[in-house]
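Structure file final15.cif; described as mmCIF, C-alpha atoms and all ligand atoms.
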data_coords
loop_
_atom_site.label_atom_id
_atom_site.label_comp_id
_atom_site.auth_asym_id
_atom_site.auth_seq_id
_atom_site.Cartn_x
_atom_site.Cartn_y
_atom_site.Cartn_z
CA MET A 135 185.74 -134.88 -84.08
CA GLU A 136 183.96 -133.39 -87.08
CA PRO A 137 185.63 -133.92 -90.48
CA LEU A 138 188.12 -131.26 -91.55
CA ALA A 139 189.77 -130.42 -94.85
CA PHE A 140 193.15 -128.74 -95.35
CA ILE A 141 194.28 -126.97 -98.50
CA SER A 142 197.45 -125.04 -99.32
CA ASP A 143 199.43 -123.30 -102.06
CA ILE A 144 196.53 -122.27 -104.26
CA HIS A 145 198.73 -119.77 -106.11
CA GLY A 146 195.99 -118.00 -108.02
CA ASN A 147 194.74 -121.17 -109.71
CA LEU A 148 190.97 -120.66 -109.63
CA GLU A 149 190.07 -123.78 -111.66
CA ALA A 150 191.94 -126.01 -109.20
CA LEU A 151 190.54 -124.22 -106.14
CA ASP A 152 187.01 -124.46 -107.48
CA ARG A 153 187.27 -128.25 -108.03
CA VAL A 154 188.83 -128.85 -104.63
CA LEU A 155 186.10 -126.88 -102.84
CA LYS A 156 183.43 -128.73 -104.82
CA LEU A 157 184.89 -132.03 -103.65
CA VAL A 158 185.04 -130.79 -100.04
CA ASP A 159 181.39 -129.68 -100.30
CA SER A 160 180.36 -133.03 -101.77
CA LEU A 161 181.96 -134.75 -98.76
CA GLY A 162 179.82 -132.60 -96.43
CA ILE A 163 182.84 -130.98 -94.79
CA ASP A 164 182.02 -127.58 -93.26
CA ASN A 165 185.42 -126.60 -91.94
CA VAL A 166 188.26 -126.03 -94.39
CA TYR A 167 191.61 -124.58 -93.33
CA CYS A 168 194.14 -123.02 -95.66
CA LEU A 169 197.89 -123.15 -95.09
CA GLY A 170 198.85 -120.16 -97.18
CA ASP A 171 200.12 -119.00 -100.58
CA LEU A 172 196.76 -117.94 -101.98
CA VAL A 173 198.56 -115.97 -104.70
CA GLY A 174 201.70 -115.99 -106.87
CA TYR A 175 202.28 -117.95 -110.14
CA GLY A 176 198.61 -118.20 -111.19
CA PRO A 177 196.31 -115.97 -113.27
CA ASN A 178 193.41 -115.39 -110.80
CA PRO A 179 194.92 -114.11 -107.53
CA GLY A 180 192.08 -111.76 -106.56
CA GLU A 181 189.35 -114.36 -107.08
CA CYS A 182 191.34 -116.94 -105.13
CA ILE A 183 191.79 -114.56 -102.18
CA GLU A 184 188.07 -113.81 -102.03
CA LEU A 185 186.92 -117.40 -102.46
CA THR A 186 189.40 -118.74 -99.88
CA ILE A 187 188.43 -116.12 -97.32
CA GLU A 188 184.74 -116.76 -97.92
CA ARG A 189 185.00 -120.55 -97.60
CA CYS A 190 187.76 -121.19 -95.06
CA SER A 191 187.39 -121.25 -91.28
CA GLY A 192 191.04 -120.28 -90.82
CA ILE A 193 193.92 -119.21 -93.08
CA VAL A 194 197.61 -118.63 -92.37
CA ALA A 195 199.90 -116.48 -94.52
CA GLY A 196 202.41 -117.94 -96.98
CA ASN A 197 205.65 -116.41 -98.25
CA HIS A 198 204.05 -115.31 -101.55
CA ASP A 199 201.16 -113.66 -99.67
CA TRP A 200 203.65 -111.76 -97.55
CA ALA A 201 205.83 -110.83 -100.54
CA VAL A 202 202.88 -109.31 -102.40
CA VAL A 203 202.16 -106.99 -99.46
CA GLY A 204 205.81 -106.12 -98.84
CA LYS A 205 206.21 -108.12 -95.62
CA THR A 206 209.00 -110.41 -96.87
CA PRO A 207 211.95 -109.45 -99.15
CA LEU A 208 211.64 -110.18 -102.88
CA GLU A 209 215.35 -111.08 -103.11
CA ASP A 210 214.48 -114.39 -101.47
CA PHE A 211 212.54 -115.48 -104.59
CA ASN A 212 213.81 -116.84 -107.90
CA PRO A 213 213.37 -114.58 -110.96
CA VAL A 214 210.22 -116.35 -112.24
CA ALA A 215 208.52 -116.20 -108.83
CA ARG A 216 209.54 -112.55 -108.49
CA THR A 217 208.07 -111.68 -111.89
CA ALA A 218 204.80 -113.37 -110.86
CA ILE A 219 204.77 -111.48 -107.54
CA HIS A 220 205.15 -108.14 -109.35
CA TRP A 221 202.42 -109.17 -111.80
CA THR A 222 200.14 -110.10 -108.87
CA MET A 223 200.77 -106.85 -106.95
CA LYS A 224 199.44 -104.84 -109.88
CA ARG A 225 196.26 -106.86 -110.16
CA LEU A 226 194.96 -106.87 -106.59
CA SER A 227 192.54 -104.32 -105.21
CA TRP A 228 193.30 -102.35 -102.10
CA HIS A 229 190.73 -104.49 -100.28
CA GLN A 230 192.34 -107.76 -101.42
CA LEU A 231 195.78 -106.53 -100.35
CA ARG A 232 194.35 -105.67 -96.93
CA LEU A 233 192.92 -109.17 -96.61
CA LEU A 234 196.35 -110.71 -97.37
CA LYS A 235 198.10 -108.34 -94.98
CA ALA A 236 195.81 -109.33 -92.13
CA LEU A 237 196.50 -113.09 -92.35
CA PRO A 238 198.16 -114.55 -89.23
CA LEU A 239 201.42 -116.47 -89.52
CA THR A 240 200.24 -119.40 -87.41
CA LEU A 241 197.03 -120.82 -85.93
CA SER A 242 196.68 -123.12 -82.96
CA LEU A 243 193.42 -125.07 -82.75
CA ASP A 244 193.31 -127.45 -79.77
CA SER A 245 195.25 -130.46 -81.01
CA LEU A 246 196.25 -128.90 -84.35
CA PHE A 247 198.89 -126.33 -85.30
CA LEU A 248 198.80 -124.65 -88.70
CA VAL A 249 201.75 -122.89 -90.34
CA HIS A 250 202.77 -122.41 -93.98
CA SER A 251 206.43 -123.43 -93.77
CA SER A 252 207.63 -124.61 -90.35
CA PRO A 253 206.93 -123.83 -86.68
CA LEU A 254 210.66 -123.14 -86.49
CA MET A 255 210.94 -119.40 -87.27
CA PRO A 256 207.78 -119.30 -89.43
CA HIS A 257 208.75 -115.97 -91.02
CA GLN A 258 211.99 -117.53 -92.35
CA TRP A 259 209.99 -119.90 -94.59
CA LEU A 260 212.13 -122.99 -93.99
CA TYR A 261 211.39 -126.17 -95.95
CA ILE A 262 210.58 -129.44 -94.21
CA MET A 263 211.92 -132.02 -96.64
CA ASP A 264 213.05 -134.94 -94.49
CA GLU A 265 212.66 -136.73 -91.17
CA PHE A 266 215.32 -134.60 -89.50
CA SER A 267 213.67 -131.26 -90.30
CA ALA A 268 210.29 -132.79 -89.39
CA SER A 269 211.66 -133.82 -85.98
CA LEU A 270 212.93 -130.27 -85.30
CA ALA A 271 209.50 -128.90 -86.22
CA LEU A 272 207.68 -131.40 -83.98
CA GLU A 273 209.98 -130.48 -81.08
CA ARG A 274 208.82 -126.89 -81.33
CA ARG A 275 205.11 -127.47 -80.71
CA PRO A 276 203.00 -129.46 -78.24
CA GLU A 277 200.02 -130.10 -80.57
CA LYS A 278 199.25 -133.61 -81.79
CA VAL A 279 199.25 -132.69 -85.48
CA ILE A 280 201.24 -129.95 -87.22
CA LEU A 281 199.95 -129.10 -90.69
CA VAL A 282 202.12 -127.35 -93.27
CA GLY A 283 202.34 -126.58 -96.99
CA HIS A 284 205.14 -124.68 -98.79
CA THR A 285 206.98 -127.56 -100.55
CA HIS A 286 203.96 -128.41 -102.76
CA VAL A 287 204.68 -132.08 -102.08
CA PRO A 288 202.23 -134.04 -99.90
CA GLN A 289 204.05 -135.88 -97.14
CA ALA A 290 203.45 -137.24 -93.64
CA TYR A 291 205.74 -137.94 -90.68
CA ARG A 292 204.93 -139.76 -87.45
CA GLU A 293 206.73 -139.21 -84.14
CA LYS A 294 206.52 -142.17 -81.81
CA GLY A 295 208.76 -142.23 -78.76
CA GLU A 296 212.09 -140.85 -79.93
CA LYS A 297 211.61 -141.84 -83.52
CA VAL A 298 210.32 -139.71 -86.40
CA GLU A 299 209.57 -141.54 -89.63
CA THR A 300 207.96 -140.97 -92.99
CA ILE A 301 204.58 -142.64 -93.36
CA SER A 302 202.20 -142.86 -96.30
CA PHE A 303 198.60 -141.73 -96.74
CA PRO A 304 196.06 -142.75 -95.60
CA PHE A 305 196.92 -143.35 -91.94
CA LYS A 306 195.13 -143.61 -88.59
CA LEU A 307 195.98 -141.16 -85.81
CA GLU A 308 197.41 -143.30 -83.03
CA LYS A 309 197.00 -142.37 -79.35
CA ASP A 310 200.69 -142.37 -78.49
CA ALA A 311 202.00 -140.63 -81.62
CA ARG A 312 202.28 -137.11 -83.04
CA TYR A 313 202.31 -136.08 -86.68
CA LEU A 314 203.58 -133.55 -89.16
CA VAL A 315 201.51 -133.43 -92.34
CA ASN A 316 202.30 -131.53 -95.52
CA VAL A 317 198.99 -131.18 -97.34
CA GLY A 318 200.50 -130.62 -100.81
CA SER A 319 199.33 -127.95 -103.25
CA VAL A 320 196.00 -127.03 -104.80
CA GLY A 321 197.33 -124.90 -107.63
CA GLN A 322 200.86 -126.07 -108.43
CA PRO A 323 201.60 -129.66 -107.28
CA ARG A 324 205.28 -130.62 -107.55
CA ASP A 325 205.19 -134.36 -106.98
CA GLY A 326 204.79 -135.34 -110.61
CA ASP A 327 201.00 -135.54 -110.39
CA PRO A 328 199.34 -132.43 -111.86
CA ARG A 329 196.00 -133.07 -110.14
CA ALA A 330 195.05 -130.68 -107.32
CA CYS A 331 195.59 -131.90 -103.81
CA CYS A 332 194.00 -131.64 -100.37
CA VAL A 333 194.03 -133.52 -97.08
CA VAL A 334 190.93 -134.72 -95.23
CA MET A 335 190.90 -135.63 -91.54
CA GLU A 336 187.90 -137.75 -90.65
CA GLU A 337 187.14 -140.20 -87.85
CA GLY A 338 190.76 -140.38 -86.75
CA GLU A 339 192.03 -141.03 -90.25
CA VAL A 340 194.09 -138.70 -92.44
CA ARG A 341 193.87 -139.15 -96.20
CA LEU A 342 194.99 -137.41 -99.34
CA GLU A 343 192.57 -136.50 -102.11
CA ARG A 344 193.70 -135.89 -105.71
CA ILE A 345 191.31 -133.87 -107.83
CA PRO A 346 191.52 -133.47 -111.62
CA TYR A 347 190.76 -129.98 -112.92
CA PRO A 348 190.90 -128.27 -116.35
CA VAL A 349 194.63 -127.52 -116.19
CA GLN A 350 194.77 -126.52 -119.89
CA GLU A 351 192.38 -123.68 -119.12
CA THR A 352 194.63 -122.33 -116.34
CA ALA A 353 197.73 -122.77 -118.55
CA ARG A 354 196.05 -120.82 -121.37
CA LYS A 355 195.22 -117.93 -119.02
CA ILE A 356 198.78 -117.86 -117.63
CA LYS A 357 200.14 -117.35 -121.16
CA GLU A 358 197.42 -114.94 -122.30
CA ARG A 359 197.78 -112.71 -119.27
CA GLY A 360 201.53 -112.30 -119.67
CA LEU A 361 202.87 -114.44 -116.82
CA PRO A 362 206.10 -116.41 -117.54
CA SER A 363 205.16 -119.31 -119.86
CA ILE A 364 207.17 -121.81 -117.82
CA LEU A 365 204.42 -121.47 -115.20
CA ALA A 366 201.88 -122.71 -117.75
CA TYR A 367 204.11 -125.62 -118.67
CA ARG A 368 204.93 -126.82 -115.15
CA ILE A 369 201.36 -127.09 -113.87
CA GLN A 370 200.57 -129.49 -116.72
CA GLU A 371 203.48 -131.70 -115.71
CA GLY A 372 203.23 -131.38 -111.92
CA TRP A 373 206.68 -130.05 -111.02
ZN ZN B 1 203.79 -122.10 -102.46
#

Output the structure of this file as structure tokens.
Amino acid sequence: MEPLAFISDIHGNLEALDRVLKLVDSLGIDNVYCLGDLVGYGPNPGECIELTIERCSGIVAGNHDWAVVGKTPLEDFNPVARTAIHWTMKRLSWHQLRLLKALPLTLSLDSLFLVHSSPLMPHQWLYIMDEFSASLALERRPEKVILVGHTHVPQAYREKGEKVETISFPFKLEKDARYLVNVGSVGQPRDGDPRACCVVMEEGEVRLERIPYPVQETARKIKERGLPSILAYRIQEGW
């Protein structure tokens, strides 16, 4: 199988997206898939939509993408997220909004299944945070590997026989096992590490890459462009 890269939760952070794609290019990986949330929180939503669509072989919609085009209710978001969604709506062109609107909710690619939140009612945007919710998600789909984003925390689960357990990166894909992999976030990691994140699948191995980017630059733009300043603060801390 050719090498693949998976990115998610870019959230309008162009500096982070740019560094991640440069790394992917330097690894000679042609096919990149995106697990949604191209916009929301960050200062460059339009550029991130265009760059992601240009570079990625497949993209699924995230809850922020849907919110910006009126496909999911804004009441479901906290006040800061809602403010950023309103801010984003005003800054996208008609063409960029059309691109977001057209994103599918899920993608099935042979042995892989891609969805932003969970294969369990994807439009409800459930969070997979533990082995139990991972096992429910794995039950839903026949594919060998389910790839998700949404929590902004990279995480992997392995199902072997009846048992689903948390495993750490990197890991080898075993013949008699299935997996659920959260690829973390490009633009707003929440695992205490502010570096951008992506997952690479190569020669039967799945690994996590952490990529430093000029986070101060993104933080400065968030403040200058009138987004809530807490969004500038959190990306520097990784929460
Ligand atoms: Zn997100």

Need to verify the contact set: A:Leu155, 10 Å, all atoms listed in the file, exclusion of same-chain residues closer than 2 positions in sequence. Can you return it as a ChimeraX atom specification? /A:139,141,150-153,157-161,163,166,185-186,189-190,332

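The smallest atom-to-atom distance between A:Pro177 and any of A:Asn147, A:Ser191, A:Gln258, A:Asn165, using all atoms listed in the file, is found for A:Asn147.
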
Just give me the residues with any atom within 8 Å of (210.0, -133.5, -101.0), file coordinates, counting all atoms listed in the file, written as a VMD selection string. chain A and resid 262 to 264 285 287 to 289 325

For A:Ile356, please output as an mmCIF file with C-alpha atoms, in the coordinates of the input all residues within 8 Å (counting all atoms listed in the file; exclusion window: fewer than 6 positions along the same chain).
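Once written, result_32.cif looks like this:
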data_model
loop_
_atom_site.group_PDB
_atom_site.id
_atom_site.type_symbol
_atom_site.label_atom_id
_atom_site.label_comp_id
_atom_site.auth_asym_id
_atom_site.auth_seq_id
_atom_site.Cartn_x
_atom_site.Cartn_y
_atom_site.Cartn_z
ATOM 1 C CA GLY A 176 198.610 -118.200 -111.190
ATOM 2 C CA PRO A 177 196.310 -115.970 -113.270
ATOM 3 C CA PRO A 362 206.100 -116.410 -117.540
ATOM 4 C CA SER A 363 205.160 -119.310 -119.860
ATOM 5 C CA LEU A 365 204.420 -121.470 -115.200
ATOM 6 C CA ALA A 366 201.880 -122.710 -117.750
#

Kindly provide, as a ChimeraX atom specification, all nucleotide and amino acid residues lying within 8 Å of ligand ZN 1 (chain B), counting all atoms listed in the file. /A:142-145,170-171,174,196-198,283-286,319,322

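If only C-alpha atoms are the atoms counted, then among A:Ala271, A:Ile187, A:Leu239, A:Ile345 the closest residue to A:Pro256 is A:Leu239.
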
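Distances to A:Leu231 were evaluated for A:Leu208, A:Val173, A:Ile280, A:Leu254 using only C-alpha atoms, and the minimum falls at A:Val173.
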
Which residues are near A:Met335? Cut-off 10 Å, only C-alpha atoms, ignore same chain within fewer than 3 positions. Put them as number ranges by chain. A: 135-140, 163, 304-307, 338-342

Shell around A:Ile301 at 9 Å using only C-alpha atoms, local window under 5 positions removed, as a VMD selection string: chain A and resid 289 to 292

If you measure from atom CA of A:Val349 to atom CA of A:Ile369, what distance in Å do you get, rounded to one decimal?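 That distance, rounded to one decimal, is 7.1 Å.
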
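Here atom CA of A:Thr222 is placed at a distance of 19.5 Å from atom CA of A:His250.
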
If you measure from atom CA of A:Pro276 to atom CA of A:Asp310, what distance in Å do you get, rounded to one decimal?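 Computing the Euclidean distance for atom CA of A:Pro276 and atom CA of A:Asp310 yields 13.1 Å.
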